[in-house]
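Enquirer: My structure is below; once you've seen it, I'll send some questions.
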Amino acid sequence: MSTKLEVKNLFKVFGPNPAKALTLLDQGKEKDEIFASTGMTVGVKDANLSIREGEIFVVMGLSGSGKSTLVRLLNRLIEPTRGEVLIDGENILNVSDEQLREVRRRKIAMVFQSFALMPHMNVLDNAAFGLELAGVELEERHQKAREALAQVGLEPHAESYPDELSGGMQQRVGLARALTNDPDILLMDEAFSALDPLIRTEMQDELVRLQSEHQRTVVFISHDLDEAMRIGDRIAIMQGGEVVQVGTPDEILHKPANEYVSSFFKGVDVANVFAAKDIARRSQVTIIKKDANEGLRTGLQLLRENDRDYGYVVEKNNHFLGVVSTDSLHEVIQKKERFENALLKDIEAIPGETPISEILGTVAQARCPLPVVGSEGKYLGAISRARLLETLDREGTE
Amino acid sequence: MTASNPWATPESTESDTANSTVDTQASDPWGGAADADAGSFMSAGNMDTDTPFSLADPFADTLIPLQDWVETFVSWVVGNFRPFFSLIKAPIDATLQAVDVAFNAVPPLMMVALLGLLAWQLSGRKVGIWTVVGMFVLGAVGAWEESMTTLSLVVTSVLFCMVIGIPTGIGMARSDRAARIMRPVLDTMQTTPAFVYLVPVVMLFGIGNVPGVVVTIIFAVPPVIRLTNLGIRQVPEDLIEAANSFGADSKQMLFKVQLPLAMPTIMAGVNQTLMLGLSMVVIASMISVGGLGLMVLRGIGRLDIGLATVGGIGIVILAIILDRMTQSLGQDARERGTRHWYQTGPVGLILKLTKKQ
């Protein structure tokens, strides 16, 4: 994946004399010191990001961490004080006003937390607003707007006015308005934060679905970790105007850069964040099946040596076959049956992508640790009750 | 001009009263009072007796000869800028003529019907019916021609107020400096009493209907400027930001976002301007502007209470009709319960009927 959007050493200072504040920043002064001595606010400090084509990149931080400022620097709704913003390698800070408008009309579209729909236009005209500004003919822009509305499931409401729609529907219009322009980059400023949790999840799924149909580069601003974990391919965490960590959800979860980052995870519902594959452990006894009837005794031997009751049978290429118990092995050996008959019928493997929240009951009731398989049936490990509890208790221990 | 000169008759009446006996004064309590007023006014005017300056009575003599300065200035302006002011008069004169001819050319009953239909379209059936009734009453009491004159004066004034006021308001909204400069000018325009405008306007433009329109424009334009400015500045910041993020240039921003959203406020300004215009057109009858105002003025002058009442009622009816009609301009169709303006009123009715066929 190539880099679509790159941010280099980006600064934004709000105040009458930004140059002075920049000098102070270069001298290593902190944001608070600068505010105390000059009254100027450092919005974004030395941000460096490289956002790949087609990914959902989430910028996360608490209120006042500069994330909304950062996203507005990307399309110059707020003029950066210093630095570079490269879209497809072109620094948009150097372009003329006319070229900047062209970039905004063709390449980059934005969805707002407050929806920001035009109250005097109906849904169709709102969705076509970007194309109207770009000077597209009425017929064509209405056609495209209808397509975009159909994508978000709002075509029947094309003639309605924004104030006649619910919040979730209004934000769908906001999304459709951005999609109508067919932009390469979608900036979403806390787009779903104003919606209630149920609608929010629905909209997140919608976004992921749209993304699977048409890969756009999405920069998503959020203060909600669950949301970030759910939809983000990569996450940048901002604190006091600085980007403190960039990484995949897993990386950030497992190796938080500092206290601030790890403090995000307090109160996070790990059951939704982790999938089965994340917590599966290969601590159980694995029996590699070699031939039809060989390995029965060695398998039994292995289990006895390790003092285990259950064994996890895989092929040589790590393809998962099933679970055997000492009892079932005994039986098969006595009856001189085939190895396959020793596999326990009532135990089913869990697909690796399943969120933990969905397997709580199954794991708790199973008589043995449940095997987890990845793509093409590869054995990834097993989840025991103890392991599950340990994961859920993560908040308390770390 | 003698026919429309309001002073001709009142003056003679006044002198009659002054010369009359005590008996007539008793039956006419205003006569004596007017006389006394005139006396004190005269003495206040003659203040060129030289008295030595004393702190006990510092204002016995004029310290700052503002009166002389203004007189000098105005006569200088009149002497040197006459062509300029004639130039201003030209478009107003042309518009006023056109509007006046149009209003007077239409047969009264047709005019009543047209205004009724317009009111129905703009503000609903009830206002439409009352407009027809009101206009009919206006004609029936014998004030039809005067009403049409007043209406054409007001319409012309408001037209020019909008042409001048809305762009000025937009300018104020776009530049803080322009707003800072304009605000005290507007304050002055609004606090200056209506009468005070008359003198310089008469000096610069003469008397008659056209100067009347000029003075009405000056008096009535501030609300539409202020409310245009206010309306545009009140457009929510997030909508401006959204339009910017989709690449709106300043013209698109103005015509596709700011003006449509400011329209209710601007229309409230137009409504205010219209009301002020109507009151000024009446006052302007003192500089020989025709219409209902002149009826009232003549009524006062001749102590003809009947004439004054007819003029007064005419003004009130006209004011109410115009107010109702323009008030609803501020709402859009959806606030009135329909989706588009053409779905209601006579137009909606016609559309419905033609669709059925």
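Quick note on naming: the chains in the structure tokens go A, B, ... in the order shown, residues restart at 1 in each chain, and ligands are numbered from 1 in order of appearance.
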If we count only C-alpha atoms and set the cut-off at 7 Å, which residues sit around Ala349 (chain A), ignoring sequence neighbours fewer than 2 positions away in its own chain? Please answer as number ranges by chain.

Expert: A: 347, 351, 370-373

Enquirer: Just want the 12 Å neighbourhood of Ser175 (chain B), counted on only C-alpha atoms, with same-chain residues fewer than 6 positions away dropped. Output as a PyMOL selection string.

Expert: chain B and resi 168-169+181-182+229+232-233

Enquirer: Name the residues of region 41-210 of chain B that come out as helix (DSSP H, G or I) in a backbone DSSP run; write them as a PyMOL selection string.

Expert: chain B and resi 41-45+66-105+108-123+125-140+144-174+176-191+194-205+209-210

Enquirer: Export C-alpha atoms of the chosen residues as a compact mmCIF listing (two decimals), in the first residue's frame?

Expert:
```txt
# COMPACT_ATOMS: atom_id res chain seq x y z
CA PHE B 41 -40.27 81.09 18.51
CA MET B 42 -39.67 84.46 16.95
CA SER B 43 -37.87 85.85 19.96
CA ALA B 44 -35.73 82.75 20.27
CA GLY B 45 -34.61 83.31 16.71
CA LEU B 66 -22.99 76.00 14.33
CA GLN B 67 -25.97 77.53 12.62
CA ASP B 68 -23.76 79.78 10.51
CA TRP B 69 -21.35 76.98 9.72
CA VAL B 70 -24.07 74.67 8.52
CA GLU B 71 -25.67 77.40 6.47
CA THR B 72 -22.35 78.21 4.85
CA PHE B 73 -21.61 74.56 4.22
CA VAL B 74 -25.01 73.74 2.78
CA SER B 75 -25.05 76.76 0.52
CA TRP B 76 -21.56 75.81 -0.64
CA VAL B 77 -22.70 72.26 -1.35
CA VAL B 78 -25.83 73.50 -3.10
CA GLY B 79 -23.78 75.94 -5.16
CA ASN B 80 -21.19 73.42 -6.26
CA PHE B 81 -22.84 70.00 -6.28
CA ARG B 82 -26.24 70.67 -7.78
CA PRO B 83 -25.52 68.51 -10.87
CA PHE B 84 -24.45 65.65 -8.64
CA PHE B 85 -27.71 65.72 -6.74
CA SER B 86 -29.69 65.97 -9.93
CA LEU B 87 -27.88 62.85 -11.04
CA ILE B 88 -29.06 61.01 -7.92
CA LYS B 89 -32.59 62.20 -8.56
CA ALA B 90 -32.70 60.82 -12.08
CA PRO B 91 -33.04 57.07 -11.39
CA ILE B 92 -35.40 57.68 -8.49
CA ASP B 93 -37.51 59.95 -10.63
CA ALA B 94 -37.67 57.39 -13.44
CA THR B 95 -38.60 54.51 -11.13
CA LEU B 96 -41.17 56.56 -9.27
CA GLN B 97 -42.78 57.65 -12.54
CA ALA B 98 -42.95 54.08 -13.79
CA VAL B 99 -44.41 52.70 -10.57
CA ASP B 100 -46.86 55.56 -10.24
CA VAL B 101 -48.07 55.22 -13.81
CA ALA B 102 -48.45 51.47 -13.37
CA PHE B 103 -50.47 51.80 -10.17
CA ASN B 104 -52.72 54.51 -11.48
CA ALA B 105 -53.23 52.91 -14.89
CA PRO B 108 -59.22 50.37 -9.08
CA LEU B 109 -61.28 47.19 -8.88
CA MET B 110 -58.64 45.22 -10.71
CA MET B 111 -56.01 46.66 -8.37
CA VAL B 112 -58.06 45.56 -5.37
CA ALA B 113 -58.29 42.08 -6.85
CA LEU B 114 -54.58 41.96 -7.68
CA LEU B 115 -53.53 43.07 -4.20
CA GLY B 116 -55.96 40.58 -2.69
CA LEU B 117 -54.51 37.73 -4.74
CA LEU B 118 -50.95 38.80 -3.88
CA ALA B 119 -51.78 38.92 -0.18
CA TRP B 120 -53.46 35.52 -0.42
CA GLN B 121 -50.40 34.05 -2.12
CA LEU B 122 -47.96 35.59 0.33
CA SER B 123 -49.80 35.30 3.63
CA ARG B 125 -56.50 33.42 2.56
CA LYS B 126 -57.42 35.43 5.65
CA VAL B 127 -54.99 38.24 4.89
CA GLY B 128 -56.13 38.12 1.28
CA ILE B 129 -59.75 38.69 2.25
CA TRP B 130 -58.89 41.51 4.65
CA THR B 131 -56.73 43.13 1.99
CA VAL B 132 -59.67 43.20 -0.40
CA VAL B 133 -61.93 44.62 2.30
CA GLY B 134 -59.32 47.19 3.35
CA MET B 135 -58.59 48.36 -0.16
CA PHE B 136 -62.28 48.59 -0.92
CA VAL B 137 -62.79 50.77 2.14
CA LEU B 138 -59.87 52.95 1.03
CA GLY B 139 -61.53 53.57 -2.29
CA ALA B 140 -64.98 53.97 -0.79
CA TRP B 144 -58.03 55.84 -3.68
CA GLU B 145 -55.79 58.11 -5.72
CA GLU B 146 -53.91 59.30 -2.67
CA SER B 147 -53.44 55.71 -1.55
CA MET B 148 -51.99 54.78 -4.91
CA THR B 149 -49.61 57.72 -4.77
CA THR B 150 -48.50 56.78 -1.27
CA LEU B 151 -48.17 53.14 -2.29
CA SER B 152 -46.00 54.01 -5.27
CA LEU B 153 -43.83 56.28 -3.11
CA VAL B 154 -43.39 53.54 -0.52
CA VAL B 155 -42.74 50.82 -3.08
CA THR B 156 -40.15 52.97 -4.84
CA SER B 157 -38.46 53.86 -1.56
CA VAL B 158 -38.35 50.26 -0.37
CA LEU B 159 -37.04 49.14 -3.73
CA PHE B 160 -34.14 51.57 -3.45
CA CYS B 161 -33.64 50.72 0.21
CA MET B 162 -33.19 47.07 -0.75
CA VAL B 163 -30.90 47.90 -3.65
CA ILE B 164 -28.76 50.04 -1.36
CA GLY B 165 -29.26 48.23 1.93
CA ILE B 166 -28.74 44.56 1.15
CA PRO B 167 -25.34 44.98 -0.56
CA THR B 168 -24.26 47.36 2.21
CA GLY B 169 -25.32 44.83 4.82
CA ILE B 170 -23.41 42.09 3.00
CA GLY B 171 -20.37 44.35 2.95
CA MET B 172 -20.68 44.94 6.69
CA ALA B 173 -21.00 41.23 7.35
CA ARG B 174 -17.90 40.44 5.34
CA ASP B 176 -15.37 43.96 10.43
CA ARG B 177 -13.85 47.28 9.53
CA ALA B 178 -16.79 48.20 7.31
CA ALA B 179 -19.10 47.21 10.16
CA ARG B 180 -17.20 49.44 12.58
CA ILE B 181 -17.44 52.39 10.22
CA MET B 182 -21.08 51.83 9.30
CA ARG B 183 -22.47 51.26 12.76
CA PRO B 184 -22.19 54.86 14.06
CA VAL B 185 -23.46 56.14 10.72
CA LEU B 186 -26.54 53.94 11.05
CA ASP B 187 -26.97 54.94 14.70
CA THR B 188 -26.96 58.58 13.68
CA MET B 189 -29.41 57.95 10.86
CA GLN B 190 -31.80 56.20 13.19
CA THR B 191 -31.60 58.61 16.10
CA ALA B 194 -37.50 62.50 10.91
CA PHE B 195 -38.09 66.26 10.67
CA VAL B 196 -34.40 67.06 10.74
CA TYR B 197 -33.83 65.27 7.44
CA LEU B 198 -36.27 67.51 5.66
CA VAL B 199 -34.29 70.74 5.64
CA PRO B 200 -31.06 69.59 3.98
CA VAL B 201 -33.01 67.43 1.56
CA VAL B 202 -35.11 70.41 0.51
CA MET B 203 -31.95 72.49 0.07
CA LEU B 204 -30.22 69.82 -2.00
CA PHE B 205 -33.09 68.24 -3.89
CA ASN B 209 -42.27 63.57 -4.61
CA VAL B 210 -38.72 62.72 -5.65
```

Enquirer: Which neighbours of Asn317 (chain A) fall inside 9 Å, counting only C-alpha atoms, when residues of the same chain fewer than 3 positions from it are skipped, and could you give them as a list in words?

Expert: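 Contacts, with the query itself left out: Val314, Phe320 and Lys378 of chain A.
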
Enquirer: Next, dump the selected residues to file, keeping only all heavy atoms, as a PDB file, in the first residue's frame.

Expert:
```
ATOM      1  N   VAL A 314      -3.341 -32.179  15.162  1.00  0.00           N
ATOM      2  CA  VAL A 314      -3.135 -31.412  13.933  1.00  0.00           C
ATOM      3  C   VAL A 314      -2.408 -32.257  12.912  1.00  0.00           C
ATOM      4  O   VAL A 314      -1.762 -33.257  13.269  1.00  0.00           O
ATOM      5  CB  VAL A 314      -2.312 -30.122  14.188  1.00  0.00           C
ATOM      6  CG1 VAL A 314      -3.072 -29.172  15.088  1.00  0.00           C
ATOM      7  CG2 VAL A 314      -0.953 -30.463  14.775  1.00  0.00           C
ATOM      8  N   PHE A 320      -5.880 -28.179  11.568  1.00  0.00           N
ATOM      9  CA  PHE A 320      -6.510 -28.717  12.767  1.00  0.00           C
ATOM     10  C   PHE A 320      -7.479 -29.847  12.432  1.00  0.00           C
ATOM     11  O   PHE A 320      -8.260 -29.753  11.494  1.00  0.00           O
ATOM     12  CB  PHE A 320      -7.267 -27.595  13.494  1.00  0.00           C
ATOM     13  CG  PHE A 320      -7.954 -28.030  14.752  1.00  0.00           C
ATOM     14  CD1 PHE A 320      -7.216 -28.340  15.893  1.00  0.00           C
ATOM     15  CD2 PHE A 320      -9.337 -28.169  14.807  1.00  0.00           C
ATOM     16  CE1 PHE A 320      -7.845 -28.752  17.050  1.00  0.00           C
ATOM     17  CE2 PHE A 320      -9.959 -28.584  15.962  1.00  0.00           C
ATOM     18  CZ  PHE A 320      -9.225 -28.883  17.087  1.00  0.00           C
ATOM     19  N   LYS A 378      -6.139 -23.594  10.067  1.00  0.00           N
ATOM     20  CA  LYS A 378      -4.883 -23.692  10.816  1.00  0.00           C
ATOM     21  C   LYS A 378      -5.153 -23.609  12.315  1.00  0.00           C
ATOM     22  O   LYS A 378      -5.941 -22.790  12.777  1.00  0.00           O
ATOM     23  CB  LYS A 378      -3.952 -22.547  10.417  1.00  0.00           C
ATOM     24  CG  LYS A 378      -3.420 -22.639   9.006  1.00  0.00           C
ATOM     25  CD  LYS A 378      -2.046 -23.284   8.982  1.00  0.00           C
ATOM     26  CE  LYS A 378      -1.402 -23.186   7.616  1.00  0.00           C
ATOM     27  NZ  LYS A 378      -2.082 -24.014   6.598  1.00  0.00           N
TER      28      LYS A 378
END
```

Enquirer: Could you please tell me, as JSON, numbers by chain, which residues of chain B have an atom within 9 Å of chain A when using only C-alpha atoms?

Expert: {"B": [236, 238, 239, 240, 241, 242, 243, 244, 245, 246, 247, 248, 249, 252, 256, 257, 260, 261, 332]}

Enquirer: Could you list, as number ranges by chain, every residue within 10 Å of region 268-280 of chain B, counting only C-alpha atoms and ignoring same-chain residues fewer than 5 positions away?

Expert: B: 150-151, 153-159, 161-162, 165-166, 194-195, 212-213, 215-228, 230-231, 263, 285, 293, 315-316, 318-320, 322-331

Enquirer: For a test of reading the model, state the distance in Å between CA of Gly43 (chain A) and CA of Val219 (chain A), rounded to one decimal.

Expert: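 Straight-line distance from CA of Gly43 (chain A) to CA of Val219 (chain A) works out to 18.2 Å.
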
Enquirer: How many Å lie between CA of Gln245 (chain A) and CA of Val58 (chain A), rounded to one decimal?

Expert: 11.6 Å

Enquirer: As number ranges by chain, please: every residue in region 132-351 of chain A that a backbone DSSP assignment puts in strand (DSSP E or B).

Expert: A: 185-189, 217-222, 234-239, 242-247, 275, 281, 285-288, 310-314, 319-325, 343, 350-351

Enquirer: Which residues come within 10 Å of region 25-37 of chain A, counting only C-alpha atoms, excluding same-chain residues fewer than 3 positions away, as a ChimeraX atom specification?

Expert: /A:11,13,15,19-22,40-46,240-242

Enquirer: Do you know which residues are at most 7 Å from Thr326 (chain A) counting only C-alpha atoms, after dropping those on the same chain fewer than 6 positions away, and could you put them as a list in words?

Expert: Leu300, Asp309 and Tyr310 of chain A

Enquirer: Could you pull the residues within 12 Å of Val363 (chain A), counting only C-alpha atoms, minus those fewer than 6 positions along the same chain, as a PDB file with all heavy atoms, in the first residue's frame?

Expert:
```
ATOM      1  N   ALA A 276     -10.898 -14.117  19.371  1.00  0.00           N
ATOM      2  CA  ALA A 276     -10.467 -15.403  19.931  1.00  0.00           C
ATOM      3  C   ALA A 276      -8.999 -15.668  19.662  1.00  0.00           C
ATOM      4  O   ALA A 276      -8.261 -16.150  20.520  1.00  0.00           O
ATOM      5  CB  ALA A 276     -11.332 -16.516  19.347  1.00  0.00           C
ATOM      6  N   ALA A 280      -5.843 -16.969  22.290  1.00  0.00           N
ATOM      7  CA  ALA A 280      -5.593 -18.423  22.241  1.00  0.00           C
ATOM      8  C   ALA A 280      -4.127 -18.705  22.575  1.00  0.00           C
ATOM      9  O   ALA A 280      -3.238 -17.987  22.134  1.00  0.00           O
ATOM     10  CB  ALA A 280      -5.934 -18.940  20.853  1.00  0.00           C
ATOM     11  N   ILE A 347     -17.002 -31.334  20.379  1.00  0.00           N
ATOM     12  CA  ILE A 347     -16.216 -30.110  20.540  1.00  0.00           C
ATOM     13  C   ILE A 347     -15.935 -29.479  19.178  1.00  0.00           C
ATOM     14  O   ILE A 347     -15.386 -30.127  18.287  1.00  0.00           O
ATOM     15  CB  ILE A 347     -14.904 -30.409  21.295  1.00  0.00           C
ATOM     16  CG1 ILE A 347     -15.270 -30.735  22.743  1.00  0.00           C
ATOM     17  CG2 ILE A 347     -13.956 -29.226  21.231  1.00  0.00           C
ATOM     18  CD1 ILE A 347     -14.125 -31.202  23.561  1.00  0.00           C
ATOM     19  N   GLU A 348     -16.369 -28.239  19.024  1.00  0.00           N
ATOM     20  CA  GLU A 348     -16.177 -27.545  17.749  1.00  0.00           C
ATOM     21  C   GLU A 348     -15.149 -26.444  17.888  1.00  0.00           C
ATOM     22  O   GLU A 348     -15.087 -25.764  18.916  1.00  0.00           O
ATOM     23  CB  GLU A 348     -17.504 -26.943  17.280  1.00  0.00           C
ATOM     24  CG  GLU A 348     -18.306 -27.891  16.418  1.00  0.00           C
ATOM     25  CD  GLU A 348     -19.554 -27.235  15.885  1.00  0.00           C
ATOM     26  OE1 GLU A 348     -19.436 -26.148  15.305  1.00  0.00           O
ATOM     27  OE2 GLU A 348     -20.632 -27.808  16.089  1.00  0.00           O
ATOM     28  N   ALA A 349     -14.377 -26.280  16.857  1.00  0.00           N
ATOM     29  CA  ALA A 349     -13.341 -25.236  16.898  1.00  0.00           C
ATOM     30  C   ALA A 349     -13.980 -23.853  16.722  1.00  0.00           C
ATOM     31  O   ALA A 349     -14.993 -23.704  16.057  1.00  0.00           O
ATOM     32  CB  ALA A 349     -12.318 -25.496  15.805  1.00  0.00           C
ATOM     33  N   ILE A 350     -13.367 -22.835  17.358  1.00  0.00           N
ATOM     34  CA  ILE A 350     -13.856 -21.444  17.250  1.00  0.00           C
ATOM     35  C   ILE A 350     -13.063 -20.745  16.143  1.00  0.00           C
ATOM     36  O   ILE A 350     -11.833 -20.804  16.139  1.00  0.00           O
ATOM     37  CB  ILE A 350     -13.616 -20.698  18.570  1.00  0.00           C
ATOM     38  CG1 ILE A 350     -14.349 -21.418  19.719  1.00  0.00           C
ATOM     39  CG2 ILE A 350     -14.037 -19.248  18.471  1.00  0.00           C
ATOM     40  CD1 ILE A 350     -13.884 -20.956  21.084  1.00  0.00           C
ATOM     41  N   ILE A 356     -14.384 -12.054  21.615  1.00  0.00           N
ATOM     42  CA  ILE A 356     -14.482 -12.840  22.838  1.00  0.00           C
ATOM     43  C   ILE A 356     -15.886 -12.774  23.424  1.00  0.00           C
ATOM     44  O   ILE A 356     -16.401 -13.738  23.964  1.00  0.00           O
ATOM     45  CB  ILE A 356     -13.468 -12.328  23.877  1.00  0.00           C
ATOM     46  CG1 ILE A 356     -12.067 -12.580  23.335  1.00  0.00           C
ATOM     47  CG2 ILE A 356     -13.641 -13.039  25.203  1.00  0.00           C
ATOM     48  CD1 ILE A 356     -11.001 -12.017  24.205  1.00  0.00           C
ATOM     49  N   SER A 357     -16.504 -11.601  23.272  1.00  0.00           N
ATOM     50  CA  SER A 357     -17.830 -11.445  23.867  1.00  0.00           C
ATOM     51  C   SER A 357     -18.806 -12.517  23.383  1.00  0.00           C
ATOM     52  O   SER A 357     -19.739 -12.866  24.091  1.00  0.00           O
ATOM     53  CB  SER A 357     -18.384 -10.059  23.547  1.00  0.00           C
ATOM     54  OG  SER A 357     -18.380  -9.859  22.160  1.00  0.00           O
ATOM     55  N   PRO A 369     -10.511 -26.940  27.260  1.00  0.00           N
ATOM     56  CA  PRO A 369     -10.174 -25.708  26.542  1.00  0.00           C
ATOM     57  C   PRO A 369     -10.561 -25.845  25.073  1.00  0.00           C
ATOM     58  O   PRO A 369     -10.316 -26.893  24.466  1.00  0.00           O
ATOM     59  CB  PRO A 369      -8.664 -25.608  26.703  1.00  0.00           C
ATOM     60  CG  PRO A 369      -8.366 -26.354  27.956  1.00  0.00           C
ATOM     61  CD  PRO A 369      -9.358 -27.496  27.980  1.00  0.00           C
ATOM     62  N   LEU A 370     -11.196 -24.775  24.522  1.00  0.00           N
ATOM     63  CA  LEU A 370     -11.694 -24.881  23.154  1.00  0.00           C
ATOM     64  C   LEU A 370     -10.616 -24.485  22.145  1.00  0.00           C
ATOM     65  O   LEU A 370      -9.938 -23.462  22.319  1.00  0.00           O
ATOM     66  CB  LEU A 370     -12.918 -23.988  22.978  1.00  0.00           C
ATOM     67  CG  LEU A 370     -14.191 -24.504  23.651  1.00  0.00           C
ATOM     68  CD1 LEU A 370     -15.329 -23.518  23.441  1.00  0.00           C
ATOM     69  CD2 LEU A 370     -14.569 -25.864  23.102  1.00  0.00           C
ATOM     70  N   PRO A 371     -10.472 -25.288  21.084  1.00  0.00           N
ATOM     71  CA  PRO A 371      -9.477 -24.961  20.057  1.00  0.00           C
ATOM     72  C   PRO A 371      -9.921 -23.779  19.205  1.00  0.00           C
ATOM     73  O   PRO A 371     -11.108 -23.585  18.976  1.00  0.00           O
ATOM     74  CB  PRO A 371      -9.422 -26.240  19.227  1.00  0.00           C
ATOM     75  CG  PRO A 371     -10.754 -26.858  19.392  1.00  0.00           C
ATOM     76  CD  PRO A 371     -11.220 -26.521  20.775  1.00  0.00           C
ATOM     77  N   VAL A 372      -8.956 -23.000  18.740  1.00  0.00           N
ATOM     78  CA  VAL A 372      -9.235 -21.857  17.878  1.00  0.00           C
ATOM     79  C   VAL A 372      -8.530 -22.089  16.549  1.00  0.00           C
ATOM     80  O   VAL A 372      -7.357 -22.460  16.537  1.00  0.00           O
ATOM     81  CB  VAL A 372      -8.721 -20.550  18.509  1.00  0.00           C
ATOM     82  CG1 VAL A 372      -8.952 -19.370  17.576  1.00  0.00           C
ATOM     83  CG2 VAL A 372      -9.398 -20.313  19.843  1.00  0.00           C
ATOM     84  N   ALA A 382      -5.610 -22.822  22.019  1.00  0.00           N
ATOM     85  CA  ALA A 382      -6.865 -23.125  22.693  1.00  0.00           C
ATOM     86  C   ALA A 382      -7.118 -22.075  23.768  1.00  0.00           C
ATOM     87  O   ALA A 382      -6.199 -21.403  24.245  1.00  0.00           O
ATOM     88  CB  ALA A 382      -6.803 -24.508  23.314  1.00  0.00           C
ATOM     89  N   ILE A 383      -8.406 -21.918  24.084  1.00  0.00           N
ATOM     90  CA  ILE A 383      -8.783 -20.973  25.133  1.00  0.00           C
ATOM     91  C   ILE A 383      -9.385 -21.755  26.294  1.00  0.00           C
ATOM     92  O   ILE A 383     -10.410 -22.424  26.138  1.00  0.00           O
ATOM     93  CB  ILE A 383      -9.821 -19.957  24.628  1.00  0.00           C
ATOM     94  CG1 ILE A 383      -9.299 -19.215  23.402  1.00  0.00           C
ATOM     95  CG2 ILE A 383     -10.177 -18.969  25.727  1.00  0.00           C
ATOM     96  CD1 ILE A 383     -10.330 -18.334  22.750  1.00  0.00           C
ATOM     97  N   SER A 384      -8.722 -21.663  27.422  1.00  0.00           N
ATOM     98  CA  SER A 384      -9.261 -22.321  28.610  1.00  0.00           C
ATOM     99  C   SER A 384     -10.109 -21.328  29.380  1.00  0.00           C
ATOM    100  O   SER A 384     -10.042 -20.126  29.134  1.00  0.00           O
ATOM    101  CB  SER A 384      -8.113 -22.819  29.484  1.00  0.00           C
ATOM    102  OG  SER A 384      -7.365 -21.710  29.933  1.00  0.00           O
ATOM    103  N   ARG A 385     -10.888 -21.832  30.343  1.00  0.00           N
ATOM    104  CA  ARG A 385     -11.683 -20.952  31.183  1.00  0.00           C
ATOM    105  C   ARG A 385     -10.790 -19.965  31.936  1.00  0.00           C
ATOM    106  O   ARG A 385     -11.078 -18.791  32.045  1.00  0.00           O
ATOM    107  CB  ARG A 385     -12.507 -21.779  32.171  1.00  0.00           C
ATOM    108  CG  ARG A 385     -13.922 -21.978  31.708  1.00  0.00           C
ATOM    109  CD  ARG A 385     -14.624 -22.971  32.565  1.00  0.00           C
ATOM    110  NE  ARG A 385     -14.486 -24.317  32.018  1.00  0.00           N
ATOM    111  CZ  ARG A 385     -14.938 -25.405  32.613  1.00  0.00           C
ATOM    112  NH1 ARG A 385     -15.512 -25.329  33.788  1.00  0.00           N
ATOM    113  NH2 ARG A 385     -14.812 -26.571  32.050  1.00  0.00           N
ATOM    114  N   ALA A 386      -9.667 -20.519  32.415  1.00  0.00           N
ATOM    115  CA  ALA A 386      -8.742 -19.686  33.187  1.00  0.00           C
ATOM    116  C   ALA A 386      -8.215 -18.540  32.329  1.00  0.00           C
ATOM    117  O   ALA A 386      -8.141 -17.381  32.766  1.00  0.00           O
ATOM    118  CB  ALA A 386      -7.585 -20.536  33.699  1.00  0.00           C
ATOM    119  N   ARG A 387      -7.873 -18.877  31.082  1.00  0.00           N
ATOM    120  CA  ARG A 387      -7.327 -17.870  30.172  1.00  0.00           C
ATOM    121  C   ARG A 387      -8.367 -16.759  29.912  1.00  0.00           C
ATOM    122  O   ARG A 387      -8.043 -15.574  29.857  1.00  0.00           O
ATOM    123  CB  ARG A 387      -6.946 -18.560  28.848  1.00  0.00           C
ATOM    124  CG  ARG A 387      -6.496 -17.643  27.753  1.00  0.00           C
ATOM    125  CD  ARG A 387      -5.096 -17.113  28.025  1.00  0.00           C
ATOM    126  NE  ARG A 387      -4.719 -16.119  27.037  1.00  0.00           N
ATOM    127  CZ  ARG A 387      -4.217 -14.925  27.342  1.00  0.00           C
ATOM    128  NH1 ARG A 387      -4.040 -14.594  28.609  1.00  0.00           N
ATOM    129  NH2 ARG A 387      -3.871 -14.100  26.407  1.00  0.00           N
ATOM    130  N   LEU A 388      -9.600 -17.190  29.768  1.00  0.00           N
ATOM    131  CA  LEU A 388     -10.681 -16.240  29.505  1.00  0.00           C
ATOM    132  C   LEU A 388     -10.859 -15.273  30.680  1.00  0.00           C
ATOM    133  O   LEU A 388     -10.931 -14.060  30.508  1.00  0.00           O
ATOM    134  CB  LEU A 388     -11.988 -17.008  29.256  1.00  0.00           C
ATOM    135  CG  LEU A 388     -13.161 -16.210  28.731  1.00  0.00           C
ATOM    136  CD1 LEU A 388     -12.860 -15.671  27.344  1.00  0.00           C
ATOM    137  CD2 LEU A 388     -14.412 -17.062  28.697  1.00  0.00           C
ATOM    138  N   LEU A 389     -10.861 -15.842  31.864  1.00  0.00           N
ATOM    139  CA  LEU A 389     -11.026 -15.008  33.051  1.00  0.00           C
ATOM    140  C   LEU A 389      -9.865 -14.034  33.193  1.00  0.00           C
ATOM    141  O   LEU A 389     -10.050 -12.866  33.517  1.00  0.00           O
ATOM    142  CB  LEU A 389     -11.129 -15.902  34.300  1.00  0.00           C
ATOM    143  CG  LEU A 389     -12.464 -16.618  34.446  1.00  0.00           C
ATOM    144  CD1 LEU A 389     -12.413 -17.593  35.612  1.00  0.00           C
ATOM    145  CD2 LEU A 389     -13.592 -15.619  34.641  1.00  0.00           C
TER     146      LEU A 389
END
```

Enquirer: If I take CA of Ile235 (chain A) and CA of Phe57 (chain A), how far is one from the other in Å, to one decimal?

Expert: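 That distance, rounded to one decimal, is 5.8 Å.
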